[in-house]
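Text of query-v1.cif, listed as mmCIF, C-alpha atoms and all ligand atoms:
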data_coords
#
loop_
_atom_site.label_atom_id
_atom_site.label_comp_id
_atom_site.auth_asym_id
_atom_site.auth_seq_id
_atom_site.Cartn_x
_atom_site.Cartn_y
_atom_site.Cartn_z
CA MET A 1 125.84 83.63 91.96
CA LYS A 2 126.31 87.39 91.68
CA LYS A 3 125.40 89.36 94.77
CA PHE A 4 122.97 92.19 94.07
CA SER A 5 124.65 94.39 96.67
CA GLU A 6 128.05 93.95 95.03
CA VAL A 7 127.01 94.37 91.41
CA TYR A 8 123.83 96.42 91.16
CA LEU A 9 123.21 98.30 94.40
CA LYS A 10 123.32 102.07 94.00
CA LYS A 11 121.66 105.25 95.17
CA LEU A 12 118.77 106.45 93.07
CA HIS A 13 118.47 110.06 91.93
CA ILE A 14 114.84 110.93 91.28
CA GLY A 15 114.41 114.58 90.37
CA ASN A 16 115.94 116.45 93.31
CA ILE A 17 115.56 113.50 95.69
CA THR A 18 118.13 110.82 96.41
CA ALA A 19 116.96 107.44 97.68
CA ASP A 20 119.58 105.41 99.56
CA SER A 21 119.01 102.29 97.51
CA ASN A 22 117.58 101.19 94.17
CA VAL A 23 115.55 98.39 95.76
CA LEU A 24 111.99 99.63 96.16
CA MET A 25 108.83 98.34 97.84
CA ALA A 26 105.83 98.46 95.50
CA PRO A 27 102.40 99.87 96.27
CA LEU A 28 100.05 97.06 97.34
CA ALA A 29 96.39 97.85 97.99
CA GLY A 30 95.40 96.74 101.47
CA TYR A 31 98.98 96.18 102.66
CA THR A 32 101.46 99.03 102.26
CA SER A 33 100.22 101.10 105.16
CA TYR A 34 102.41 103.28 107.35
CA PRO A 35 103.76 100.51 109.68
CA PHE A 36 104.64 98.30 106.75
CA ARG A 37 106.40 101.07 104.84
CA ARG A 38 108.49 101.91 107.90
CA MET A 39 109.61 98.31 108.21
CA CYS A 40 110.68 98.11 104.54
CA ARG A 41 112.62 101.36 104.75
CA LYS A 42 114.36 100.24 107.93
CA LEU A 43 115.41 97.03 106.18
CA GLY A 44 116.94 98.88 103.23
CA ALA A 45 114.18 99.71 100.73
CA GLY A 46 115.07 103.02 99.07
CA LEU A 47 111.39 103.93 98.85
CA ALA A 48 108.14 102.34 99.97
CA PHE A 49 104.92 103.54 98.34
CA THR A 50 101.45 103.92 99.85
CA GLU A 51 98.78 101.83 98.25
CA MET A 52 96.86 103.46 95.38
CA VAL A 53 94.69 106.29 96.62
CA SER A 54 91.87 107.74 94.51
CA ALA A 55 92.63 111.29 93.34
CA ASN A 56 88.87 111.88 93.10
CA GLY A 57 88.39 110.57 96.64
CA LEU A 58 90.82 113.19 97.92
CA LYS A 59 89.14 115.88 95.86
CA TYR A 60 85.80 115.08 97.50
CA ASN A 61 87.33 114.80 101.00
CA ASP A 62 86.43 111.14 101.39
CA ARG A 63 87.54 110.26 104.94
CA ALA A 64 88.31 106.60 104.27
CA THR A 65 90.55 107.65 101.36
CA ALA A 66 92.34 110.28 103.43
CA LYS A 67 92.98 107.69 106.19
CA LEU A 68 95.15 105.69 103.80
CA LEU A 69 97.61 108.58 103.82
CA TYR A 70 98.51 108.45 107.51
CA THR A 71 102.20 109.20 108.03
CA ASP A 72 104.44 111.05 110.48
CA GLU A 73 107.99 112.37 110.80
CA ALA A 74 109.41 108.90 111.52
CA GLU A 75 108.76 108.03 107.88
CA THR A 76 111.44 109.75 105.86
CA LEU A 77 111.07 110.07 102.07
CA LYS A 78 107.35 109.68 101.70
CA ALA A 79 105.89 108.39 98.45
CA VAL A 80 102.16 108.35 97.71
CA GLN A 81 100.50 106.64 94.76
CA LEU A 82 97.44 108.21 93.13
CA LEU A 83 94.88 106.59 90.85
CA GLY A 84 92.42 108.34 88.57
CA SER A 85 91.77 109.65 85.09
CA VAL A 86 90.92 113.34 85.56
CA PRO A 87 93.91 115.70 85.35
CA SER A 88 92.28 118.43 87.50
CA ALA A 89 91.59 115.89 90.28
CA PHE A 90 95.27 114.88 90.26
CA GLU A 91 96.37 118.52 90.39
CA TYR A 92 94.03 119.20 93.29
CA ALA A 93 95.19 116.07 95.14
CA CYS A 94 98.87 116.90 94.65
CA LYS A 95 98.48 120.49 95.81
CA GLY A 96 96.09 119.73 98.68
CA GLU A 97 96.66 119.14 102.38
CA TYR A 98 96.29 115.34 102.27
CA THR A 99 99.46 114.86 100.26
CA ALA A 100 101.29 117.89 101.72
CA ASP A 101 103.71 115.70 103.71
CA TYR A 102 104.58 113.53 100.72
CA ASP A 103 107.76 114.15 98.70
CA ILE A 104 106.96 111.92 95.74
CA VAL A 105 103.72 111.32 93.83
CA ASP A 106 103.54 108.12 91.83
CA ILE A 107 100.79 107.78 89.24
CA ASN A 108 99.14 104.39 88.81
CA MET A 109 98.93 103.57 85.11
CA GLY A 110 99.16 99.80 85.56
CA CYS A 111 96.16 98.57 87.56
CA PRO A 112 94.47 95.81 85.49
CA VAL A 113 91.26 95.35 87.53
CA PRO A 114 88.09 95.42 85.32
CA ASN A 115 86.26 98.21 87.22
CA ILE A 116 89.32 100.43 87.12
CA ILE A 117 89.85 99.81 83.40
CA LYS A 118 86.16 100.58 82.75
CA SER A 119 86.63 103.97 84.42
CA GLY A 120 89.57 104.71 82.13
CA GLU A 121 92.05 104.53 85.05
CA GLY A 122 95.15 102.42 85.74
CA CYS A 123 96.35 100.43 82.74
CA ALA A 124 93.58 101.88 80.52
CA LEU A 125 95.76 105.00 80.32
CA THR A 126 98.28 103.07 78.22
CA ARG A 127 95.63 103.37 75.47
CA ASP A 128 95.38 107.15 75.81
CA LEU A 129 98.81 108.78 75.74
CA PRO A 130 97.52 112.39 75.43
CA LEU A 131 95.41 112.00 78.59
CA ALA A 132 98.22 110.22 80.44
CA SER A 133 100.51 113.11 79.51
CA GLU A 134 98.00 115.70 80.79
CA ILE A 135 97.81 113.83 84.10
CA ILE A 136 101.59 113.83 84.53
CA GLU A 137 101.77 117.54 83.70
CA ALA A 138 98.95 118.27 86.16
CA CYS A 139 100.84 116.48 88.95
CA LYS A 140 104.08 118.25 88.05
CA ARG A 141 102.41 121.64 88.54
CA SER A 142 102.40 120.88 92.29
CA GLY A 143 106.20 121.08 92.31
CA LYS A 144 106.48 117.53 93.71
CA VAL A 145 108.69 114.83 92.29
CA VAL A 146 106.48 112.72 90.01
CA THR A 147 106.92 109.08 89.00
CA VAL A 148 104.77 106.76 86.88
CA LYS A 149 104.17 103.03 87.25
CA PHE A 150 102.79 101.30 84.17
CA ARG A 151 102.58 98.08 82.17
CA PRO A 152 103.89 97.61 78.61
CA GLY A 153 100.35 97.66 77.21
CA MET A 154 96.94 95.99 77.36
CA ASN A 155 98.11 92.79 75.67
CA ARG A 156 101.09 91.41 73.77
CA LYS A 157 99.64 92.52 70.44
CA ASN A 158 99.52 96.12 71.59
CA ILE A 159 102.85 96.85 73.24
CA VAL A 160 103.36 100.60 73.70
CA VAL A 161 106.20 100.52 76.20
CA SER A 162 108.77 102.65 74.32
CA GLU A 163 106.37 105.40 73.25
CA PHE A 164 104.76 105.43 76.68
CA ALA A 165 108.13 105.74 78.43
CA LYS A 166 109.09 108.61 76.11
CA MET A 167 105.77 110.33 76.72
CA CYS A 168 106.33 110.09 80.50
CA GLU A 169 109.75 111.65 80.25
CA ALA A 170 108.58 114.42 77.88
CA SER A 171 105.68 115.23 80.21
CA GLY A 172 108.05 115.74 83.13
CA ALA A 173 108.12 112.39 84.97
CA ASP A 174 111.22 112.00 87.14
CA MET A 175 111.27 108.19 87.12
CA ILE A 176 109.22 105.33 85.68
CA THR A 177 108.55 101.82 86.91
CA VAL A 178 107.62 99.17 84.37
CA HIS A 179 105.69 96.15 85.62
CA GLY A 180 106.81 93.75 82.91
CA ARG A 181 103.43 92.12 82.33
CA THR A 182 100.66 93.24 79.98
CA ARG A 183 97.19 93.86 81.39
CA ASP A 184 95.87 90.50 80.21
CA MET A 185 98.67 88.72 82.08
CA MET A 186 97.35 90.26 85.33
CA TYR A 187 99.87 89.13 87.99
CA ASP A 188 101.11 85.86 86.52
CA GLY A 189 103.73 84.65 84.11
CA GLU A 190 107.34 85.40 83.36
CA PRO A 191 107.85 89.17 83.07
CA LEU A 192 108.52 90.51 79.56
CA TYR A 193 112.14 91.46 80.19
CA GLU A 194 112.54 92.82 76.68
CA CYS A 195 109.77 95.38 77.30
CA ILE A 196 111.51 96.73 80.40
CA GLU A 197 114.77 96.84 78.46
CA ALA A 198 113.01 98.77 75.66
CA ALA A 199 111.80 101.36 78.19
CA LYS A 200 115.32 101.69 79.58
CA ASN A 201 116.68 102.27 76.09
CA ALA A 202 114.00 104.87 75.30
CA VAL A 203 114.60 107.39 78.11
CA ASN A 204 117.22 109.04 80.29
CA ILE A 205 115.25 109.15 83.54
CA PRO A 206 115.66 106.19 85.94
CA VAL A 207 113.74 103.05 84.96
CA ILE A 208 112.73 100.57 87.67
CA ALA A 209 111.91 96.96 86.82
CA ASN A 210 109.03 95.19 88.53
CA GLY A 211 107.46 91.74 88.35
CA GLY A 212 108.16 88.23 89.58
CA ILE A 213 111.06 88.91 91.96
CA TYR A 214 110.98 86.23 94.66
CA SER A 215 114.69 85.89 95.48
CA GLU A 216 118.06 87.55 95.11
CA GLU A 217 118.60 85.39 92.03
CA ASP A 218 115.43 86.81 90.46
CA ALA A 219 116.53 90.37 91.26
CA VAL A 220 119.94 89.81 89.67
CA LYS A 221 118.32 88.18 86.62
CA MET A 222 115.96 91.14 86.28
CA MET A 223 118.90 93.58 86.28
CA ASP A 224 120.97 91.40 83.92
CA ARG A 225 118.15 91.05 81.42
CA THR A 226 116.81 94.63 81.42
CA GLY A 227 119.68 97.00 82.25
CA ALA A 228 117.22 98.79 84.56
CA ASP A 229 118.31 101.25 87.25
CA GLY A 230 116.75 99.28 90.08
CA VAL A 231 114.09 96.79 91.09
CA MET A 232 110.68 97.02 92.73
CA ILE A 233 109.37 94.09 94.74
CA ALA A 234 105.68 93.61 95.56
CA ARG A 235 104.26 90.30 96.84
CA TYR A 236 107.54 88.83 98.07
CA GLY A 237 108.13 91.97 100.12
CA MET A 238 105.08 91.02 102.19
CA GLU A 239 106.18 87.43 102.62
CA ASN A 240 109.79 88.18 103.44
CA PRO A 241 110.65 91.87 103.89
CA MET A 242 114.15 90.76 104.87
CA ILE A 243 114.75 90.53 101.10
CA PHE A 244 115.47 94.27 101.35
CA SER A 245 118.38 93.75 103.75
CA GLU A 246 119.56 90.80 101.68
CA LEU A 247 119.68 92.82 98.46
CA THR A 248 121.14 95.96 100.01
CA GLY A 249 123.61 94.18 102.31
CA LYS A 250 122.16 96.14 105.24
CA GLU A 251 122.79 94.29 108.48
CA THR A 252 119.91 94.98 110.83
CA GLY A 253 119.91 91.93 113.11
CA GLU A 254 116.13 91.80 112.72
CA THR A 255 114.17 88.55 112.69
CA LYS A 256 110.56 87.86 111.77
CA TYR A 257 109.88 87.80 115.52
CA SER A 258 111.47 91.19 116.27
CA LEU A 259 109.82 92.73 113.20
CA MET A 260 106.38 91.39 114.15
CA MET A 261 106.66 92.74 117.69
CA GLU A 262 107.68 96.15 116.40
CA GLN A 263 104.88 96.12 113.84
CA ILE A 264 102.36 95.46 116.62
CA ASN A 265 103.63 98.49 118.54
CA ILE A 266 103.57 100.78 115.51
CA ALA A 267 100.13 99.56 114.39
CA GLN A 268 98.76 100.22 117.88
CA SER A 269 100.18 103.73 117.83
CA CYS A 270 98.50 104.74 114.57
CA PHE A 271 95.38 102.58 114.07
CA ASP A 272 92.31 101.90 116.19
CA GLU A 273 92.18 98.39 117.71
CA THR A 274 90.10 96.83 114.90
CA ALA A 275 92.31 98.19 112.13
CA ALA A 276 95.49 97.26 114.04
CA MET A 277 94.25 93.69 114.52
CA ASP A 278 93.26 93.38 110.85
CA TYR A 279 96.67 94.56 109.75
CA ILE A 280 98.64 92.31 112.14
CA ARG A 281 96.60 89.24 111.12
CA LYS A 282 97.24 89.93 107.43
CA LEU A 283 100.94 90.54 107.97
CA ALA A 284 101.40 87.49 110.22
CA SER A 285 99.60 85.30 107.67
CA TYR A 286 101.98 86.46 104.93
CA PHE A 287 105.01 85.96 107.22
CA MET A 288 103.87 82.38 107.93
CA LYS A 289 103.35 81.45 104.29
CA LYS A 290 106.29 79.07 104.04
CA ILE A 291 106.34 77.90 107.67
CA PRO A 292 104.89 74.37 107.88
CA GLY A 293 102.29 73.38 110.48
CA THR A 294 100.94 76.85 111.23
CA LYS A 295 97.29 76.27 110.24
CA ALA A 296 96.06 75.84 113.82
CA LEU A 297 98.02 78.86 115.01
CA LYS A 298 96.57 80.95 112.18
CA GLN A 299 93.09 79.90 113.28
CA GLU A 300 93.96 80.84 116.85
CA MET A 301 95.04 84.26 115.61
CA TYR A 302 91.67 84.81 113.97
CA MET A 303 89.85 83.81 117.20
CA CYS A 304 91.51 86.57 119.25
CA GLY A 305 89.04 89.14 120.55
CA ASN A 306 91.46 91.94 121.39
CA MET A 307 94.95 93.17 120.67
CA GLN A 308 96.49 91.76 123.86
CA GLU A 309 95.33 88.26 122.94
CA LEU A 310 96.59 88.71 119.40
CA ARG A 311 99.94 89.93 120.72
CA ASN A 312 100.25 86.80 122.89
CA VAL A 313 99.44 84.44 120.01
CA THR A 314 101.77 86.24 117.62
CA GLU A 315 104.53 86.12 120.21
CA LYS A 316 104.01 82.38 120.57
CA ILE A 317 104.02 81.75 116.80
CA PHE A 318 107.09 83.77 115.92
CA GLY A 319 108.96 83.15 119.20
CA GLU A 320 108.71 79.42 118.52
CA THR A 321 109.80 79.61 114.90
CA GLU A 322 112.74 81.75 116.00
CA LYS A 323 113.81 79.08 118.52
CA GLN A 324 113.52 76.41 115.80
CA ASP A 325 115.63 78.49 113.43
CA ALA A 326 118.32 79.16 116.05
C1 LIG B 1 97.03 92.47 96.28
C2 LIG B 1 97.73 93.39 95.31
C3 LIG B 1 97.52 94.75 95.40
C4 LIG B 1 98.16 95.63 94.51
N1 LIG B 1 97.97 96.98 94.64
C5 LIG B 1 98.62 97.84 93.81
C6 LIG B 1 98.49 99.25 93.95
O1 LIG B 1 97.79 99.75 94.84
N2 LIG B 1 99.17 100.03 93.07
C7 LIG B 1 99.97 99.51 92.08
O2 LIG B 1 100.58 100.25 91.31
N3 LIG B 1 100.13 98.19 91.94
C8 LIG B 1 99.49 97.35 92.79
N4 LIG B 1 99.71 96.00 92.67
C9 LIG B 1 100.71 95.52 91.70
C10 LIG B 1 102.09 95.40 92.37
O3 LIG B 1 102.56 96.66 92.82
C11 LIG B 1 103.12 94.80 91.40
O4 LIG B 1 103.21 95.62 90.27
C12 LIG B 1 102.75 93.38 90.96
O5 LIG B 1 102.27 92.62 92.03
C13 LIG B 1 103.96 92.69 90.32
O6 LIG B 1 105.03 92.59 91.21
P1 LIG B 1 105.37 91.19 91.99
O7 LIG B 1 105.41 90.13 90.91
O8 LIG B 1 106.69 91.47 92.67
O9 LIG B 1 104.25 90.93 92.95
C14 LIG B 1 99.04 95.11 93.51
C15 LIG B 1 99.22 93.74 93.43
C16 LIG B 1 98.59 92.87 94.29
C17 LIG B 1 98.85 91.38 94.18
#

Now that the file is in, can you turn its structure into structure tokens?
Ligand SMILES: Cc1cc2nc3c(=O)[nH]c(=O)nc-3n(C[C@H](O)[C@H](O)[C@H](O)COP(=O)(O)O)c2cc1C
Amino acid sequence: MKKFSEVYLKKLHIGNITADSNVLMAPLAGYTSYPFRRMCRKLGAGLAFTEMVSANGLKYNDRATAKLLYTDEAETLKAVQLLGSVPSAFEYACKGEYTADYDIVDINMGCPVPNIIKSGEGCALTRDLPLASEIIEACKRSGKVVTVKFRPGMNRKNIVVSEFAKMCEASGADMITVHGRTRDMMYDGEPLYECIEAAKNAVNIPVIANGGIYSEEDAVKMMDRTGADGVMIARYGMENPMIFSELTGKETGETKYSLMMEQINIAQSCFDETAAMDYIRKLASYFMKKIPGTKALKQEMYMCGNMQELRNVTEKIFGETEKQDA
């Protein structure tokens, strides 16, 4: 089998920014918080995006929305994703203090969730190219590097991937990511490789391929089939973030145990105890997905009343699996 790091690994030039690798961690609502993004970057991800943040929420100074943007100087190359449908709200959000530390603004034009579509946001924008273009131009007026993540269309009868990619480039986007599934496919099914390939053939800016990558073999297949400039991994990045070191050939010596312990420390430094515990439980559950016989330990994790107890249980779970693996 071809090794991704030998055949496809490269630096990614996005506007005036260079990312060290073309293997990216996707935005995932509820998961890609500051600690998680730091872990992915350390393991070799060229970029790791915040979860989608409402441009309107930032405009109206919503505190819960602003909290999603926590970052500090230890996170280098910061990429925020915004969601919305009003160009002036995007412009305000990109120029405002909440996103001031962020180098890259990604625009969500792929979210398939019914409420979002009803509001004309996310994937609904693939039906309205003039509005999508206005949004990109509004973000560009902030002077930040702007990227767009979208799907090929609402369904397989209405594929707009080539025209949409061209519109993004003409409006000033510095990179696009194509999630190779139409809106009606939601998150399942084989990605439409030919749609990602069509986007790549339509523009000169970098094109990143996303969807269904669960192994190095999948990542290589994605590159073979689409000719894309890089890959973006979402759900498998939560389950096994070491995929980033695997694909980039970055030797970090990290294990699930060492990563978990570090994540606990970082989460404690930036979240209150309740939020830190929520995050660690979610992350540990994802990390344990393929480890047999962990049901009782998972239950124990959810019984913990404070962070010290949770740290002890997590240490036990991942310390033991590490011994078994050794
Ligand atoms: C729980 C969950 C949350 C997601 N949140 C976002 C988001 O905030 N922004 C976004 O652009 N895509 C979001 N996505 C889509 C992913 O970024 C990605 O495009 C999709 O999961 C396909 O990649 P995968 O097959 O590697 O998981 C989300 C997906 C899931 C399952």

Box time for range 218-231 of chain A: axis-aligned, enclosing all its listed atoms, 6 Å extra on each side; report centre and edge lengths in Å to one decimal, as lines of an AutoDock Vina configuration file.
center_x = 117.5
center_y = 94.0
center_z = 86.3
size_x = 18.9
size_y = 26.4
size_z = 21.8

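The coordinates place CA of Cys94 in chain A at 18.5 Å from CA of Leu47 in chain A.
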
Considering only C-alpha atoms and all ligand atoms, tabulate each residue of chain A that lies at most 9 Å from ligand LIG 1 (chain B) along with its nearest interatomic pair and the corresponding distance in Å to one decimal; arrange the rows by chain and ascending residue number and present them as CSV.
residue,atom,partner,partner_atom,distance
A:Met25,CA,B:LIG1,O3,8.2
A:Ala26,CA,B:LIG1,O3,4.6
A:Pro27,CA,B:LIG1,N2,4.5
A:Leu28,CA,B:LIG1,N1,3.4
A:Ala29,CA,B:LIG1,N1,3.8
A:Gly30,CA,B:LIG1,C3,6.7
A:Tyr31,CA,B:LIG1,C3,7.5
A:Thr32,CA,B:LIG1,O1,8.3
A:Phe49,CA,B:LIG1,N2,8.6
A:Thr50,CA,B:LIG1,O1,7.5
A:Glu51,CA,B:LIG1,O1,4.1
A:Met52,CA,B:LIG1,O1,3.9
A:Val53,CA,B:LIG1,O1,7.5
A:Gln81,CA,B:LIG1,N2,7.0
A:Leu82,CA,B:LIG1,N2,8.4
A:Leu83,CA,B:LIG1,N2,8.1
A:Asp106,CA,B:LIG1,O2,8.4
A:Ile107,CA,B:LIG1,O2,7.8
A:Asn108,CA,B:LIG1,O2,5.0
A:Met109,CA,B:LIG1,O2,7.2
A:Gly110,CA,B:LIG1,O2,5.9
A:Cys111,CA,B:LIG1,N3,5.9
A:Pro112,CA,B:LIG1,C9,8.8
A:Gly122,CA,B:LIG1,O2,8.1
A:Val148,CA,B:LIG1,O2,8.9
A:Lys149,CA,B:LIG1,O2,6.1
A:Phe150,CA,B:LIG1,O2,7.5
A:Arg151,CA,B:LIG1,O4,8.5
A:Thr177,CA,B:LIG1,O4,8.8
A:Val178,CA,B:LIG1,O4,8.2
A:His179,CA,B:LIG1,O4,5.3
A:Gly180,CA,B:LIG1,C13,8.0
A:Arg181,CA,B:LIG1,C13,8.0
A:Met186,CA,B:LIG1,C12,8.4
A:Tyr187,CA,B:LIG1,O5,5.9
A:Asp188,CA,B:LIG1,O7,7.5
A:Gly189,CA,B:LIG1,O7,8.9
A:Pro191,CA,B:LIG1,O7,8.3
A:Asn210,CA,B:LIG1,O6,5.5
A:Gly211,CA,B:LIG1,O7,3.7
A:Gly212,CA,B:LIG1,O7,3.6
A:Ile213,CA,B:LIG1,O8,5.1
A:Tyr214,CA,B:LIG1,O8,7.1
A:Met232,CA,B:LIG1,O8,6.8
A:Ile233,CA,B:LIG1,O8,4.3
A:Ala234,CA,B:LIG1,O8,3.7
A:Arg235,CA,B:LIG1,O9,3.9
A:Tyr236,CA,B:LIG1,O8,6.1
A:Gly237,CA,B:LIG1,O8,7.6

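Residues with any atom within 7 Å of range 18-22 of chain A, counting only C-alpha atoms and excluding same-chain neighbours fewer than 2 positions away, are Leu9, Lys10, Lys11, Leu12, His13, Ile14, Asn16, Leu24, Gly44, Ala45, Gly46, Leu47, Asp229, Gly230 and Val231 of chain A.
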
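Across A:Ile317, A:Met175, A:Cys304, A:Cys270, the tightest approach to Met288 in chain A is made by A:Ile317 when counting all atoms listed in the file.
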
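If you measure from each of A:Val207, A:Met167, A:Val161, A:Ala276 to Cys195 in chain A using only C-alpha atoms, the closest one turns out to be A:Val161.
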
Within 12 Å of (104.0, 110.2, 107.6) in the file's own coordinates, which protein, DNA or RNA residues have an atom, counting all atoms listed in the file? List them as a compact mmCIF listing (two decimals) with C-alpha atoms, in the frame of the given file.
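Once written, selection-v4.txt looks like this:
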# COMPACT_ATOMS: atom_id res chain seq x y z
CA SER A 33 100.22 101.10 105.16
CA TYR A 34 102.41 103.28 107.35
CA PRO A 35 103.76 100.51 109.68
CA PHE A 36 104.64 98.30 106.75
CA ARG A 37 106.40 101.07 104.84
CA ARG A 38 108.49 101.91 107.90
CA ALA A 48 108.14 102.34 99.97
CA PHE A 49 104.92 103.54 98.34
CA THR A 50 101.45 103.92 99.85
CA LYS A 67 92.98 107.69 106.19
CA LEU A 68 95.15 105.69 103.80
CA LEU A 69 97.61 108.58 103.82
CA TYR A 70 98.51 108.45 107.51
CA THR A 71 102.20 109.20 108.03
CA ASP A 72 104.44 111.05 110.48
CA GLU A 73 107.99 112.37 110.80
CA ALA A 74 109.41 108.90 111.52
CA GLU A 75 108.76 108.03 107.88
CA THR A 76 111.44 109.75 105.86
CA LEU A 77 111.07 110.07 102.07
CA LYS A 78 107.35 109.68 101.70
CA ALA A 79 105.89 108.39 98.45
CA VAL A 80 102.16 108.35 97.71
CA TYR A 98 96.29 115.34 102.27
CA THR A 99 99.46 114.86 100.26
CA ALA A 100 101.29 117.89 101.72
CA ASP A 101 103.71 115.70 103.71
CA TYR A 102 104.58 113.53 100.72
CA ASP A 103 107.76 114.15 98.70
CA CYS A 270 98.50 104.74 114.57

request  = Would you work out the distance separating CA of Met154 in chain A from CA of Lys118 in chain A, expressed in Å to one decimal?
outcome  =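 Spanning CA of Met154 in chain A to CA of Lys118 in chain A is a straight-line distance of 12.9 Å.
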
note = Counting all atoms listed in the file, closest pick from A:Ala198, A:Leu125, A:Lys144, A:Pro114 relative to Ile17 in chain A is A:Lys144

Expected residue set, 9 Å radius at (100.9, 114.3, 82.9), all atoms listed in the file, as a list of chain:residue names = A:Pro87, A:Pro130, A:Leu131, A:Ala132, A:Ser133, A:Glu134, A:Ile135, A:Ile136, A:Glu137, A:Ala138, A:Cys139, A:Lys140, A:Met167, A:Cys168, A:Ser171, A:Gly172, A:Ala173

key: 7 Å contact set for Ala165 in chain A, all atoms listed in the file, chain neighbours under 4 positions out, as a list in words   =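 The residues satisfying every condition are Val161, Glu169, Ala199, Ala202 and Val203 of chain A.
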
query = What is the distance, in Å and to one decimal place, between CA of Glu91 in chain A and CA of Ile159 in chain A?
reply = 28.4 Å

request  = Fewer than 6 positions away in the same chain doesn't count, so skip those; otherwise give me all residues within 9 Å of Gln268 in chain A, counting only C-alpha atoms, as an MDAnalysis selection string.
outcome  = chainID A and resid 275:277 307

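For the choices A:Asn265, A:Asn115, A:Ser5, A:Asn201, the atom-to-atom distance to Glu246 in chain A is smallest for A:Ser5 when using all atoms listed in the file.
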
Contacts of Asn155 in chain A within 8 Å, all atoms listed in the file, excl. fewer than 4 positions in-chain, as a PDB file with C-alpha atoms, keeping the file's coordinate frame:
ATOM      1  CA  ILE A 159     102.850  96.850  73.240  1.00  0.00           C
ATOM      2  CA  THR A 182     100.660  93.240  79.980  1.00  0.00           C
ATOM      3  CA  ARG A 183      97.190  93.860  81.390  1.00  0.00           C
ATOM      4  CA  ASP A 184      95.870  90.500  80.210  1.00  0.00           C
ATOM      5  CA  MET A 185      98.670  88.720  82.080  1.00  0.00           C
TER       6      MET A 185
END

request  = Return the single residue from A:Glu320, A:Glu217, A:Glu121, A:Glu315 that is closest to Ile243 in chain A, with distances computed using all atoms listed in the file.
outcome  =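 For Ile243 in chain A, the nearest of the given residues is A:Glu217.
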
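Between Phe244 in chain A and the residues A:Ser285, A:Ser162, A:Ser142, A:Ser215, the shortest atom-to-atom distance, using only C-alpha atoms, involves A:Ser215.
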
ask   = Leaving out Val220 in chain A and any residue of its chain fewer than 5 positions from it, which residues lie within 8 Å of it when counting only C-alpha atoms, given as number ranges by chain?
value = A: 2-4, 8
